[in-house]
Amino acid sequence: MELLKIENLTKIFGGLVAVDHLSFSVKKGQIYGIIGPNGAGKTTVFNCLTGIYKPEEGTVIWKGKDITNYPPDKIANLGIVRTFQTIRLFSDMCVAENIMSGRNQISKQHWYHGLIHTPFSKRDEKKNWLKVKEIMELMNLQDYATELTKNLPYGHQRRVEIARALATEPELIVLDEPAAGLNGHETLDLTNLIFKLRDMGFTILLIEHDMNLVMNVTDYITVVNFGEKICEGTPEIVQNDPAVIEAYLGKEDADDEGDEDEN
Amino acid sequence: MRKSAIYKYLVFLGILLIYPLFSNSSWLAIGTTFIIYSIVALSQDIVLGKAGMFDMGHAMFFGIGAYISAIMNTVFNIPILWAIPVVVLISAIISVLMAMPTIHLRGDYLLVVTIGFNIIFQQVIKNNVFGLTGGPNGIFGIERPSLFGFEFSSDLSVYYLAFFVLILILIMIKNLETSAVGRAFHYLRLDNLAAQCVGINTRFYRLFAFALGASIASIAGVLFAIQYTVISPESFNLMQSILFFTIVIVGGMSSIPGVLLGTFLMFVLPEIFRDFNTYRYLVFGVMMILTMILRPRGIIPKKFGIIPKYLLKDK
Amino acid sequence: MKKKITGSLMLLMVLALIIPIGLNAKVVKIGVQAPITGKYANEGQGIDQAVRLIVEQKNAQGGLLGNKIEVISEDDEGTAVKAAFAAKNLINKKVMAVIGSYTSTCAAAPQKMYYKAGVLQTSDGTSDALTKHAYWTFFRNSNPNSAEAIFTANHFINQRHYKKVAILSDYSSFAVGLGDAVKKEIEKLGGDVVYYGKIKAGNQNFTPILTKIKSLHPDVIYFSGYYSDGGLLRSQQVQLDIKADFYGGDANDNVDFVKLAGSAASGSYLINVPTPSLLPYDDAKKFLADYEKKYGMKIPSIWTILNVDGLRAIMYAAEQTNSLDTKVIADFLHNMKKPFPGFTGPLSWDKKGERIGSSYFAYEIQPDNSYKVISK
Amino acid sequence: MYIFIQQVINGLTIGSIFALIALGYTMVYGTMKFINFAHGDLVALSAFVGLTIYTTVVSSFSNSIIAILISLIITIVIISIIGYLLERIAYRPLRKAPRLSAVVSALGAGMVFQNAIMLIWGPNPHYYPADIIPNKIWHFGDSVISLIQILILLLSFFIMIGLYILVNKTRTGRAIRAAAINQDAARLMGINVDAIIVIIFALGSTLGAVGGMFLGMFYRGITFNMGWNYGISAFVAAIIGGIGNIPGAMLGGIFLGLFNSLIAGYISSTWADAFTYILLILILIFKPTGILGERVAEKV
């Protein structure tokens, strides 16, 4: 079953076509990868998909419904949640509070519960905090519950960001270069985590530079260059595609740092 | 809430409770105004400190509360406490109407817009629209309220009325802090985009913060009208807005003790040093600079990382 | 560390709020409530200094009924809220009478408090609202707007035969009150008010509104606000080559009006009670000289002297009745058979605390900046 | 028609003074990203300093124009030094702090300036002598323009051209622009950002000092609290043009001056402020970063 379908997506910055009539679709339960050299427009695709940018052309279809031009929060409400390439946590707040932010859309509290607590709202608070606790345990973060996230090491911050995404109870998790800045050990943990998430029933869409990671974890890959799709298929197919090899040749060495292209 | 924090609040409220015993009538008046200004500052903090919107026109809502209740009382002879629901409703509506088209503006632009609204408000009341606002003279002869047969005619009773309202507001803000709404304010202040991407409707919460701040400030405005029985435009001008803005930054954004201390320092301290007439505001300016250099996040910065105990138990 | 800071600050709060203010006295206390800081600071400081000078002179003569007089000054910053605080302080310090404040708003805000506390108040505020309640404690030492408006309208229509009048005021309660009253009186006498607008005090750039007025070709421009704007209005009027007479209301009568208007001051007109330098009385001249000698500057305006006259009348009443009881003094002031000879002319009051009789003058400012009386 | 021309002349004169002051706000905002609320009071201070110097030196010169030029230069030097000290003492320690702390520090500094003026020169207004600039008027039909207005317009025009060349055509200007876009990157490229900030404060103070003395010469009366009014107007002008944008501040100043004049002249002086701010709000609703816009780069 097709969960997410992107058709003819086009995004233009000034005169530059960052994404050019790109189409792909993600099936439920997949781990889907988008790869491409620096400046290929991968993050732009994510930004269009999650409502941060408005595409010039094309549609984003989520479970058969056109969600193009929805605002980011609406898209998250529908079950698509993302992480950021440059980690964006609420850095002055602690781990538990960060994860709790994901519970906002699940919480049944009304605006007036901000003024007066009722037995209902107290139950709701407790339920959500307990869920946060559960997620912290799942992600091995319970020891850092009250630690401010700005004081955590980078790898932990990534985990908090993913935990925060999980807290929204999404169907599709969109990971923007989750391995960027991680060491080998942390990358391995990440790989296991991604598998674990899939086993829990989440669908995963990720952008990654780390070829090893991509080839190891993904089921299906779309390769993008200059905003256009040059190839798609399983990791084996992609790895042997001449266009992909050409796009990556000579660029490999310069590619390890994050892509700052369209920001 | 931690126990030590509760004790601190109890001490603070206890001091306010017995304060009238030790003060003469001029210090009682200052005490009453301190409480009223604290309420305004706390409401400014909801908008500026918690939701992070640079609102430099907050005295306008303080003024709306005072003016509407005064007009209702002097023109239509409605007891002033009955004005409170009307005042809250009207200022919430006005604030939402104002904020809808402007709320998406980035920090400093929003700051200018709110300054603009404050100045427009000033001009409206000074021009005596519909002959209701009394122009530059303001409104005289506001009647003090009575409730269940009790007359709030003495200054002391007005003090305790304000004190009672302060307690309610403090409880409400504590509730806010431990609710989904209150946390949403913090999230959108710290990183608006990240908040949106986890499904928080930041626009709604911004509007709500604005409306909430406006409503509370307008309640303080009613108290102000009750205390002075005379109101005039300059009590709600841009300088006052800047005062409330400064109180929050100096005290510590979204920190309740900080805001209360800020109100004390920015409002009561100059009263204590009245004898130094001409020098006091010079020294005051120097103090503002020094405070910011020494404690850039405010004197008592907000502490995060306070979460329910049951999350920590089996650690 | 942080706890300590919080704790000590709390302690400071407590201490500060409980600082006892008690002074018991064998002296007569006179309060001054004036804008010692803020935008009317020069007028406020003038009132304070003049009152202190009078009291110093009185004490040198043995005080009031043998009691030494002490002056307590409170700054109201020209705002109503601070005026209320200032008044509470003065009442607590048990003053017998309060001189001030300079602006009508600040005089009105604490009026009721003084009334309740039985403290005499004398102010130069000219807003008609001040005597509305007829508090027995209140004595206006100037004339109200309405009296000035009647004089102005009569002067314009019957003496100068102006047909078209443009009126400007600022946003202060005083200027709006006077402007409204002048407009009403002029229309009553059949004059045509072709323009009535407001300027923002301190804005300095009045060319837009003056250009507008120019297009209406009035015979006279009348400004009811304060000298700090009036002088500029006159100077910009001349600069824009607007051929209309310029009349300033009483608050323009300040030495600074001429300085601001520069060469344009010559040929403009003012309407006021006699200015300090024109006061015909010897004791007034002596007081002006004393003031200049002591403070090294000229007295800021007639308002200072009016306030001083209020104080002198109260002291006179105390001596006549041989009493320091404010009620007795007030009764005496309300029922004076023979007016008290003040620096600014005879002083007596009606039941509402309104000063009886008015002696407005219209002056033309001469090229040497002296005043020539053109109408009394 | 002459009314319209007259209003345009009025508006351009005050507008160019707004523009000079607005440049001070915008340049500081461009690099430091905070509103220097003390700038208006610094302008007031320069009006006072300028007058004091003028009255001291005027007797040594036969020509008042030379005397005013000499005082202008000395005032610029003094105010630039004060501007530098302001940055060094009140703002530099706060560079890494939340931006609002610097705003409050600026408000405090403004309060210090204002009260210092009151304590040094007293609460009474001071007056520029009437004869500094000969009181000459030219007529165009029924519209008039005075010599001082022409001088203000010309001088402001040349100063702004000079500033434009400085920022766009010189090495220093390039460094200023680089620091405005990204301080860290500029530092990495070998630009001494601290020095650039000092230059910016000196330049802003210079323009403010010129504006302050123009105000004194044009309106003659100066008061200790005059800075606030002009500060707010100039700041609004900077916002209208797009804060941080140098041509924007010039445009915003002229625009605001003209708008004020035309509103007061044609619609209502009583509601002039309200109209001005309604316009400002409308501009921001439809052009959220001002007319000429501001460079904003949000990282995603």
# chains A, B, ... in the order shown; residues from 1 in each chain; ligands from 1
call {"tool": "select_by_dssp", "arguments": {"residues": "stretch 6-245 of chain A", "states": "helix (DSSP H, G or I)", "output": "JSON list (two decimals) with C-alpha atoms, in the first residue's frame"}}
result
[["chain", "number", "residue", "atom", "x", "y", "z"],
["A", 42, "LYS", "CA", 17.43, 16.33, -1.07],
["A", 43, "THR", "CA", 16.71, 18.48, 1.97],
["A", 44, "THR", "CA", 14.51, 20.67, -0.21],
["A", 45, "VAL", "CA", 12.38, 17.65, -0.98],
["A", 46, "PHE", "CA", 11.95, 17.08, 2.74],
["A", 47, "ASN", "CA", 11.16, 20.72, 3.35],
["A", 48, "CYS", "CA", 8.44, 20.63, 0.70],
["A", 49, "LEU", "CA", 7.09, 17.38, 2.02],
["A", 72, "PRO", "CA", 4.06, 21.85, 8.99],
["A", 73, "ASP", "CA", 1.92, 21.30, 12.08],
["A", 74, "LYS", "CA", -1.02, 19.96, 10.05],
["A", 75, "ILE", "CA", 1.32, 17.54, 8.31],
["A", 76, "ALA", "CA", 2.69, 16.37, 11.63],
["A", 77, "ASN", "CA", -0.87, 15.93, 12.89],
["A", 95, "VAL", "CA", 15.28, 15.67, 27.62],
["A", 96, "ALA", "CA", 11.90, 14.76, 29.06],
["A", 97, "GLU", "CA", 10.45, 18.17, 28.24],
["A", 98, "ASN", "CA", 11.76, 17.90, 24.69],
["A", 99, "ILE", "CA", 10.13, 14.54, 24.19],
["A", 100, "MET", "CA", 6.94, 15.82, 25.80],
["A", 101, "SER", "CA", 6.66, 18.34, 22.97],
["A", 102, "GLY", "CA", 5.77, 15.47, 20.69],
["A", 103, "ARG", "CA", 2.85, 14.62, 22.95],
["A", 104, "ASN", "CA", 1.25, 17.98, 22.30],
["A", 105, "GLN", "CA", -0.73, 16.72, 19.34],
["A", 111, "TRP", "CA", -6.95, 25.72, 25.89],
["A", 112, "TYR", "CA", -8.79, 26.36, 29.15],
["A", 113, "HIS", "CA", -6.89, 23.57, 30.81],
["A", 114, "GLY", "CA", -3.96, 25.96, 30.67],
["A", 119, "PRO", "CA", -9.33, 15.77, 36.96],
["A", 120, "PHE", "CA", -9.46, 15.06, 33.25],
["A", 121, "SER", "CA", -6.51, 17.27, 32.41],
["A", 122, "LYS", "CA", -4.51, 15.88, 35.31],
["A", 123, "ARG", "CA", -5.09, 12.36, 34.04],
["A", 124, "ASP", "CA", -4.12, 13.48, 30.57],
["A", 125, "GLU", "CA", -0.89, 15.05, 31.86],
["A", 126, "LYS", "CA", 0.04, 11.93, 33.73],
["A", 127, "LYS", "CA", -0.73, 9.68, 30.79],
["A", 128, "ASN", "CA", 1.48, 11.68, 28.48],
["A", 129, "TRP", "CA", 4.36, 11.95, 30.91],
["A", 130, "LEU", "CA", 4.25, 8.20, 31.37],
["A", 131, "LYS", "CA", 4.41, 7.78, 27.65],
["A", 132, "VAL", "CA", 7.47, 10.03, 27.61],
["A", 133, "LYS", "CA", 8.99, 7.80, 30.21],
["A", 134, "GLU", "CA", 8.30, 4.77, 28.08],
["A", 135, "ILE", "CA", 9.95, 6.38, 25.09],
["A", 136, "MET", "CA", 12.96, 7.40, 27.15],
["A", 137, "GLU", "CA", 13.37, 3.82, 28.23],
["A", 138, "LEU", "CA", 13.04, 2.62, 24.67],
["A", 142, "GLN", "CA", 16.09, 7.66, 31.06],
["A", 143, "ASP", "CA", 19.36, 8.56, 32.77],
["A", 144, "TYR", "CA", 19.32, 11.98, 31.14],
["A", 149, "THR", "CA", 19.71, 18.95, 25.92],
["A", 150, "LYS", "CA", 22.28, 21.63, 25.10],
["A", 151, "ASN", "CA", 24.60, 19.89, 27.57],
["A", 154, "TYR", "CA", 25.84, 15.06, 19.84],
["A", 155, "GLY", "CA", 24.87, 11.44, 19.52],
["A", 156, "HIS", "CA", 22.50, 11.69, 22.43],
["A", 157, "GLN", "CA", 20.94, 14.79, 20.97],
["A", 158, "ARG", "CA", 20.15, 12.83, 17.81],
["A", 159, "ARG", "CA", 18.47, 10.18, 19.88],
["A", 160, "VAL", "CA", 16.42, 12.79, 21.72],
["A", 161, "GLU", "CA", 15.33, 14.22, 18.40],
["A", 162, "ILE", "CA", 14.21, 10.82, 17.20],
["A", 163, "ALA", "CA", 12.52, 10.17, 20.54],
["A", 164, "ARG", "CA", 10.67, 13.44, 20.19],
["A", 165, "ALA", "CA", 9.51, 12.37, 16.75],
["A", 166, "LEU", "CA", 8.34, 9.01, 18.13],
["A", 167, "ALA", "CA", 6.35, 10.74, 20.82],
["A", 184, "GLY", "CA", 31.25, 4.75, 13.99],
["A", 185, "HIS", "CA", 29.89, 3.32, 17.18],
["A", 186, "GLU", "CA", 27.00, 5.73, 17.28],
["A", 187, "THR", "CA", 26.23, 5.02, 13.64],
["A", 188, "LEU", "CA", 25.97, 1.37, 14.39],
["A", 189, "ASP", "CA", 23.54, 2.07, 17.20],
["A", 190, "LEU", "CA", 21.56, 4.17, 14.80],
["A", 191, "THR", "CA", 21.36, 1.37, 12.29],
["A", 192, "ASN", "CA", 19.96, -0.94, 14.92],
["A", 193, "LEU", "CA", 17.55, 1.72, 16.05],
["A", 194, "ILE", "CA", 16.23, 2.20, 12.54],
["A", 195, "PHE", "CA", 15.58, -1.50, 12.21],
["A", 196, "LYS", "CA", 13.92, -1.53, 15.58],
["A", 197, "LEU", "CA", 11.63, 1.30, 14.53],
["A", 198, "ARG", "CA", 10.67, -0.54, 11.39],
["A", 199, "ASP", "CA", 9.89, -3.60, 13.42],
["A", 211, "MET", "CA", 26.70, 5.07, 1.94],
["A", 212, "ASN", "CA", 27.30, 2.14, 4.24],
["A", 213, "LEU", "CA", 24.35, 3.05, 6.36],
["A", 214, "VAL", "CA", 22.10, 3.62, 3.38],
["A", 215, "MET", "CA", 23.02, 0.42, 1.66],
["A", 216, "ASN", "CA", 22.63, -1.52, 4.90],
["A", 217, "VAL", "CA", 19.30, -0.31, 6.08],
["A", 235, "PRO", "CA", 20.31, -0.86, -3.05],
["A", 236, "GLU", "CA", 21.83, -3.47, -5.36],
["A", 237, "ILE", "CA", 20.36, -1.88, -8.47],
["A", 238, "VAL", "CA", 21.35, 1.60, -7.45],
["A", 239, "GLN", "CA", 24.87, 0.63, -6.55],
["A", 242, "PRO", "CA", 26.34, 3.94, -14.17],
["A", 243, "ALA", "CA", 24.61, 7.31, -13.80],
["A", 244, "VAL", "CA", 24.85, 7.07, -10.03],
["A", 245, "ILE", "CA", 28.49, 6.15, -10.14]]
call {"tool": "residues_around", "arguments": {"residues": "A:Ile34", "least_positions_apart": "2", "cutoff": "6 Å", "atoms": "only C-alpha atoms", "output": "PyMOL selection string"}}
result
chain A and resi 207+221-223
call {"tool": "write_last_selection", "arguments": {"atoms": "all heavy atoms", "output": "short mmCIF file (atom, residue, chain, number, x, y, z; two decimals), in the first residue's frame"}}
result
data_model
loop_
_atom_site.label_atom_id
_atom_site.label_comp_id
_atom_site.auth_asym_id
_atom_site.auth_seq_id
_atom_site.Cartn_x
_atom_site.Cartn_y
_atom_site.Cartn_z
N ILE A 207 17.28 10.63 4.32
CA ILE A 207 18.33 11.15 3.46
C ILE A 207 19.62 10.77 4.14
O ILE A 207 19.73 10.91 5.35
CB ILE A 207 18.31 12.69 3.42
CG1 ILE A 207 17.04 13.20 2.77
CG2 ILE A 207 19.53 13.19 2.67
CD1 ILE A 207 16.98 14.71 2.79
N ILE A 221 15.64 2.86 -2.85
CA ILE A 221 16.40 4.11 -2.88
C ILE A 221 16.02 4.92 -4.12
O ILE A 221 15.80 4.36 -5.19
CB ILE A 221 17.93 3.83 -2.91
CG1 ILE A 221 18.37 3.19 -1.59
CG2 ILE A 221 18.73 5.11 -3.15
CD1 ILE A 221 19.81 2.76 -1.60
N THR A 222 15.95 6.25 -3.92
CA THR A 222 15.87 7.15 -5.07
C THR A 222 17.13 7.99 -5.07
O THR A 222 17.53 8.51 -4.03
CB THR A 222 14.64 8.06 -4.97
OG1 THR A 222 13.48 7.27 -5.18
CG2 THR A 222 14.68 9.17 -6.00
N VAL A 223 17.78 8.09 -6.23
CA VAL A 223 18.99 8.89 -6.31
C VAL A 223 18.65 10.19 -7.03
O VAL A 223 18.04 10.18 -8.10
CB VAL A 223 20.10 8.15 -7.08
CG1 VAL A 223 21.40 8.93 -6.99
CG2 VAL A 223 20.27 6.75 -6.53
#
call {"tool": "atom_distance", "arguments": {"atom1": "atom CA of B:Phe150", "atom2": "atom CA of B:Met72"}}
result
20.5 Å
call {"tool": "residues_around", "arguments": {"residues": "stretch 236-253 of chain D", "least_positions_apart": "6", "cutoff": "7 Å", "atoms": "only C-alpha atoms", "output": "PDB file with all heavy atoms, in the first residue's frame"}}
result
ATOM      1  N   GLY D  15      12.079  64.869   6.675  1.00  0.00           N
ATOM      2  CA  GLY D  15      12.378  63.502   6.267  1.00  0.00           C
ATOM      3  C   GLY D  15      13.862  63.242   6.153  1.00  0.00           C
ATOM      4  O   GLY D  15      14.350  62.177   6.522  1.00  0.00           O
ATOM      5  N   SER D  16      14.622  64.233   5.667  1.00  0.00           N
ATOM      6  CA  SER D  16      16.055  63.959   5.545  1.00  0.00           C
ATOM      7  C   SER D  16      16.717  63.923   6.917  1.00  0.00           C
ATOM      8  O   SER D  16      17.691  63.189   7.116  1.00  0.00           O
ATOM      9  CB  SER D  16      16.736  64.958   4.611  1.00  0.00           C
ATOM     10  OG  SER D  16      16.333  66.250   4.891  1.00  0.00           O
ATOM     11  N   PHE D  18      15.116  62.767   9.603  1.00  0.00           N
ATOM     12  CA  PHE D  18      14.744  61.402  10.031  1.00  0.00           C
ATOM     13  C   PHE D  18      15.706  60.393   9.436  1.00  0.00           C
ATOM     14  O   PHE D  18      16.164  59.465  10.103  1.00  0.00           O
ATOM     15  CB  PHE D  18      13.330  61.045   9.547  1.00  0.00           C
ATOM     16  CG  PHE D  18      12.209  61.677  10.337  1.00  0.00           C
ATOM     17  CD1 PHE D  18      10.942  61.775   9.795  1.00  0.00           C
ATOM     18  CD2 PHE D  18      12.421  62.158  11.612  1.00  0.00           C
ATOM     19  CE1 PHE D  18       9.901  62.334  10.500  1.00  0.00           C
ATOM     20  CE2 PHE D  18      11.385  62.720  12.338  1.00  0.00           C
ATOM     21  CZ  PHE D  18      10.125  62.819  11.772  1.00  0.00           C
ATOM     22  N   ALA D  19      16.001  60.566   8.150  1.00  0.00           N
ATOM     23  CA  ALA D  19      16.848  59.596   7.462  1.00  0.00           C
ATOM     24  C   ALA D  19      18.225  59.538   8.093  1.00  0.00           C
ATOM     25  O   ALA D  19      18.767  58.447   8.321  1.00  0.00           O
ATOM     26  CB  ALA D  19      16.944  59.944   5.984  1.00  0.00           C
ATOM     27  N   ALA D  22      17.823  57.715  11.245  1.00  0.00           N
ATOM     28  CA  ALA D  22      17.447  56.322  10.994  1.00  0.00           C
ATOM     29  C   ALA D  22      18.653  55.494  10.581  1.00  0.00           C
ATOM     30  O   ALA D  22      18.751  54.308  10.903  1.00  0.00           O
ATOM     31  CB  ALA D  22      16.370  56.259   9.917  1.00  0.00           C
ATOM     32  N   LEU D  23      19.593  56.131   9.874  1.00  0.00           N
ATOM     33  CA  LEU D  23      20.792  55.394   9.457  1.00  0.00           C
ATOM     34  C   LEU D  23      21.545  54.847  10.663  1.00  0.00           C
ATOM     35  O   LEU D  23      22.094  53.746  10.622  1.00  0.00           O
ATOM     36  CB  LEU D  23      21.697  56.303   8.630  1.00  0.00           C
ATOM     37  CG  LEU D  23      21.201  56.519   7.196  1.00  0.00           C
ATOM     38  CD1 LEU D  23      21.936  57.657   6.534  1.00  0.00           C
ATOM     39  CD2 LEU D  23      21.372  55.236   6.394  1.00  0.00           C
ATOM     40  N   TYR D  25      20.263  53.831  13.472  1.00  0.00           N
ATOM     41  CA  TYR D  25      19.575  52.624  13.951  1.00  0.00           C
ATOM     42  C   TYR D  25      19.877  51.444  13.041  1.00  0.00           C
ATOM     43  O   TYR D  25      20.167  50.340  13.478  1.00  0.00           O
ATOM     44  CB  TYR D  25      18.056  52.839  13.946  1.00  0.00           C
ATOM     45  CG  TYR D  25      17.545  53.643  15.101  1.00  0.00           C
ATOM     46  CD1 TYR D  25      17.260  54.972  14.973  1.00  0.00           C
ATOM     47  CD2 TYR D  25      17.343  53.033  16.330  1.00  0.00           C
ATOM     48  CE1 TYR D  25      16.795  55.709  16.029  1.00  0.00           C
ATOM     49  CE2 TYR D  25      16.869  53.768  17.396  1.00  0.00           C
ATOM     50  CZ  TYR D  25      16.596  55.105  17.242  1.00  0.00           C
ATOM     51  OH  TYR D  25      16.130  55.826  18.298  1.00  0.00           O
ATOM     52  N   THR D  26      19.775  51.718  11.746  1.00  0.00           N
ATOM     53  CA  THR D  26      19.841  50.628  10.786  1.00  0.00           C
ATOM     54  C   THR D  26      21.235  50.022  10.707  1.00  0.00           C
ATOM     55  O   THR D  26      21.392  48.817  10.577  1.00  0.00           O
ATOM     56  CB  THR D  26      19.344  51.149   9.426  1.00  0.00           C
ATOM     57  OG1 THR D  26      18.224  50.377   9.038  1.00  0.00           O
ATOM     58  CG2 THR D  26      20.387  51.067   8.360  1.00  0.00           C
ATOM     59  N   MET D  27      22.262  50.880  10.806  1.00  0.00           N
ATOM     60  CA  MET D  27      23.618  50.332  10.688  1.00  0.00           C
ATOM     61  C   MET D  27      23.948  49.447  11.879  1.00  0.00           C
ATOM     62  O   MET D  27      24.543  48.387  11.729  1.00  0.00           O
ATOM     63  CB  MET D  27      24.622  51.471  10.536  1.00  0.00           C
ATOM     64  CG  MET D  27      24.579  52.023   9.119  1.00  0.00           C
ATOM     65  SD  MET D  27      25.391  53.597   8.881  1.00  0.00           S
ATOM     66  CE  MET D  27      26.932  53.351   9.628  1.00  0.00           C
ATOM     67  N   TYR D  29      21.745  47.911  13.691  1.00  0.00           N
ATOM     68  CA  TYR D  29      20.932  46.696  13.581  1.00  0.00           C
ATOM     69  C   TYR D  29      21.545  45.732  12.580  1.00  0.00           C
ATOM     70  O   TYR D  29      21.595  44.524  12.791  1.00  0.00           O
ATOM     71  CB  TYR D  29      19.505  47.046  13.152  1.00  0.00           C
ATOM     72  CG  TYR D  29      18.569  45.879  13.310  1.00  0.00           C
ATOM     73  CD1 TYR D  29      17.856  45.716  14.474  1.00  0.00           C
ATOM     74  CD2 TYR D  29      18.463  44.913  12.319  1.00  0.00           C
ATOM     75  CE1 TYR D  29      17.038  44.634  14.655  1.00  0.00           C
ATOM     76  CE2 TYR D  29      17.642  43.819  12.492  1.00  0.00           C
ATOM     77  CZ  TYR D  29      16.929  43.686  13.658  1.00  0.00           C
ATOM     78  OH  TYR D  29      16.124  42.598  13.836  1.00  0.00           O
ATOM     79  N   GLY D  30      22.033  46.287  11.478  1.00  0.00           N
ATOM     80  CA  GLY D  30      22.600  45.452  10.428  1.00  0.00           C
ATOM     81  C   GLY D  30      23.665  44.507  10.943  1.00  0.00           C
ATOM     82  O   GLY D  30      23.659  43.325  10.626  1.00  0.00           O
ATOM     83  N   LEU D 280       2.294  52.151   8.858  1.00  0.00           N
ATOM     84  CA  LEU D 280       3.426  51.289   9.199  1.00  0.00           C
ATOM     85  C   LEU D 280       2.984  49.842   9.328  1.00  0.00           C
ATOM     86  O   LEU D 280       3.610  48.924   8.786  1.00  0.00           O
ATOM     87  CB  LEU D 280       4.048  51.770  10.510  1.00  0.00           C
ATOM     88  CG  LEU D 280       5.038  50.812  11.138  1.00  0.00           C
ATOM     89  CD1 LEU D 280       6.378  50.911  10.460  1.00  0.00           C
ATOM     90  CD2 LEU D 280       5.189  51.069  12.623  1.00  0.00           C
ATOM     91  N   THR D 289       9.152  42.621   5.802  1.00  0.00           N
ATOM     92  CA  THR D 289      10.482  43.101   6.177  1.00  0.00           C
ATOM     93  C   THR D 289      10.739  44.491   5.623  1.00  0.00           C
ATOM     94  O   THR D 289      11.862  44.852   5.304  1.00  0.00           O
ATOM     95  CB  THR D 289      11.570  42.135   5.693  1.00  0.00           C
ATOM     96  OG1 THR D 289      11.363  41.902   4.290  1.00  0.00           O
ATOM     97  CG2 THR D 289      11.526  40.816   6.423  1.00  0.00           C
ATOM     98  N   GLY D 290       9.701  45.302   5.525  1.00  0.00           N
ATOM     99  CA  GLY D 290       9.880  46.677   5.081  1.00  0.00           C
ATOM    100  C   GLY D 290       9.906  46.796   3.570  1.00  0.00           C
ATOM    101  O   GLY D 290       9.879  45.798   2.854  1.00  0.00           O
ATOM    102  N   ILE D 291       9.957  48.063   3.101  1.00  0.00           N
ATOM    103  CA  ILE D 291       9.826  48.288   1.657  1.00  0.00           C
ATOM    104  C   ILE D 291      10.973  47.651   0.887  1.00  0.00           C
ATOM    105  O   ILE D 291      10.763  46.912  -0.063  1.00  0.00           O
ATOM    106  CB  ILE D 291       9.765  49.803   1.360  1.00  0.00           C
ATOM    107  CG1 ILE D 291       8.535  50.421   2.026  1.00  0.00           C
ATOM    108  CG2 ILE D 291       9.680  50.031  -0.151  1.00  0.00           C
ATOM    109  CD1 ILE D 291       8.455  51.907   1.885  1.00  0.00           C
ATOM    110  N   LEU D 292      12.187  47.961   1.305  1.00  0.00           N
ATOM    111  CA  LEU D 292      13.318  47.400   0.560  1.00  0.00           C
ATOM    112  C   LEU D 292      13.757  46.048   1.106  1.00  0.00           C
ATOM    113  O   LEU D 292      14.658  45.426   0.567  1.00  0.00           O
ATOM    114  CB  LEU D 292      14.502  48.373   0.557  1.00  0.00           C
ATOM    115  CG  LEU D 292      14.291  49.663  -0.218  1.00  0.00           C
ATOM    116  CD1 LEU D 292      15.598  50.406  -0.369  1.00  0.00           C
ATOM    117  CD2 LEU D 292      13.699  49.401  -1.599  1.00  0.00           C
ATOM    118  N   GLY D 293      13.167  45.651   2.192  1.00  0.00           N
ATOM    119  CA  GLY D 293      13.448  44.326   2.707  1.00  0.00           C
ATOM    120  C   GLY D 293      14.749  44.249   3.470  1.00  0.00           C
ATOM    121  O   GLY D 293      15.546  45.171   3.494  1.00  0.00           O
ATOM    122  N   GLU D 294      14.908  43.124   4.118  1.00  0.00           N
ATOM    123  CA  GLU D 294      16.078  42.904   4.951  1.00  0.00           C
ATOM    124  C   GLU D 294      16.593  41.529   4.582  1.00  0.00           C
ATOM    125  O   GLU D 294      15.827  40.647   4.229  1.00  0.00           O
ATOM    126  CB  GLU D 294      15.646  42.942   6.418  1.00  0.00           C
ATOM    127  CG  GLU D 294      16.692  42.541   7.382  1.00  0.00           C
ATOM    128  CD  GLU D 294      16.103  42.062   8.694  1.00  0.00           C
ATOM    129  OE1 GLU D 294      14.863  42.040   8.830  1.00  0.00           O
ATOM    130  OE2 GLU D 294      16.879  41.687   9.555  1.00  0.00           O
TER     131      GLU D 294
END
call {"tool": "residues_around", "arguments": {"residues": "C:Thr344", "least_positions_apart": "5", "cutoff": "8 Å", "atoms": "only C-alpha atoms", "output": "ChimeraX atom specification"}}
result
/C:274,279,284,305-306,309
call {"tool": "select_by_dssp", "arguments": {"residues": "stretch 40-198 of chain A", "states": "strand (DSSP E)", "output": "list of chain:residue names"}}
result
A:Glu57, A:Gly58, A:Thr59, A:Val60, A:Ile61, A:Trp62, A:Lys65, A:Asp66, A:Ile80, A:Val81, A:Arg82, A:Leu172, A:Ile173, A:Val174, A:Leu175, A:Asp176
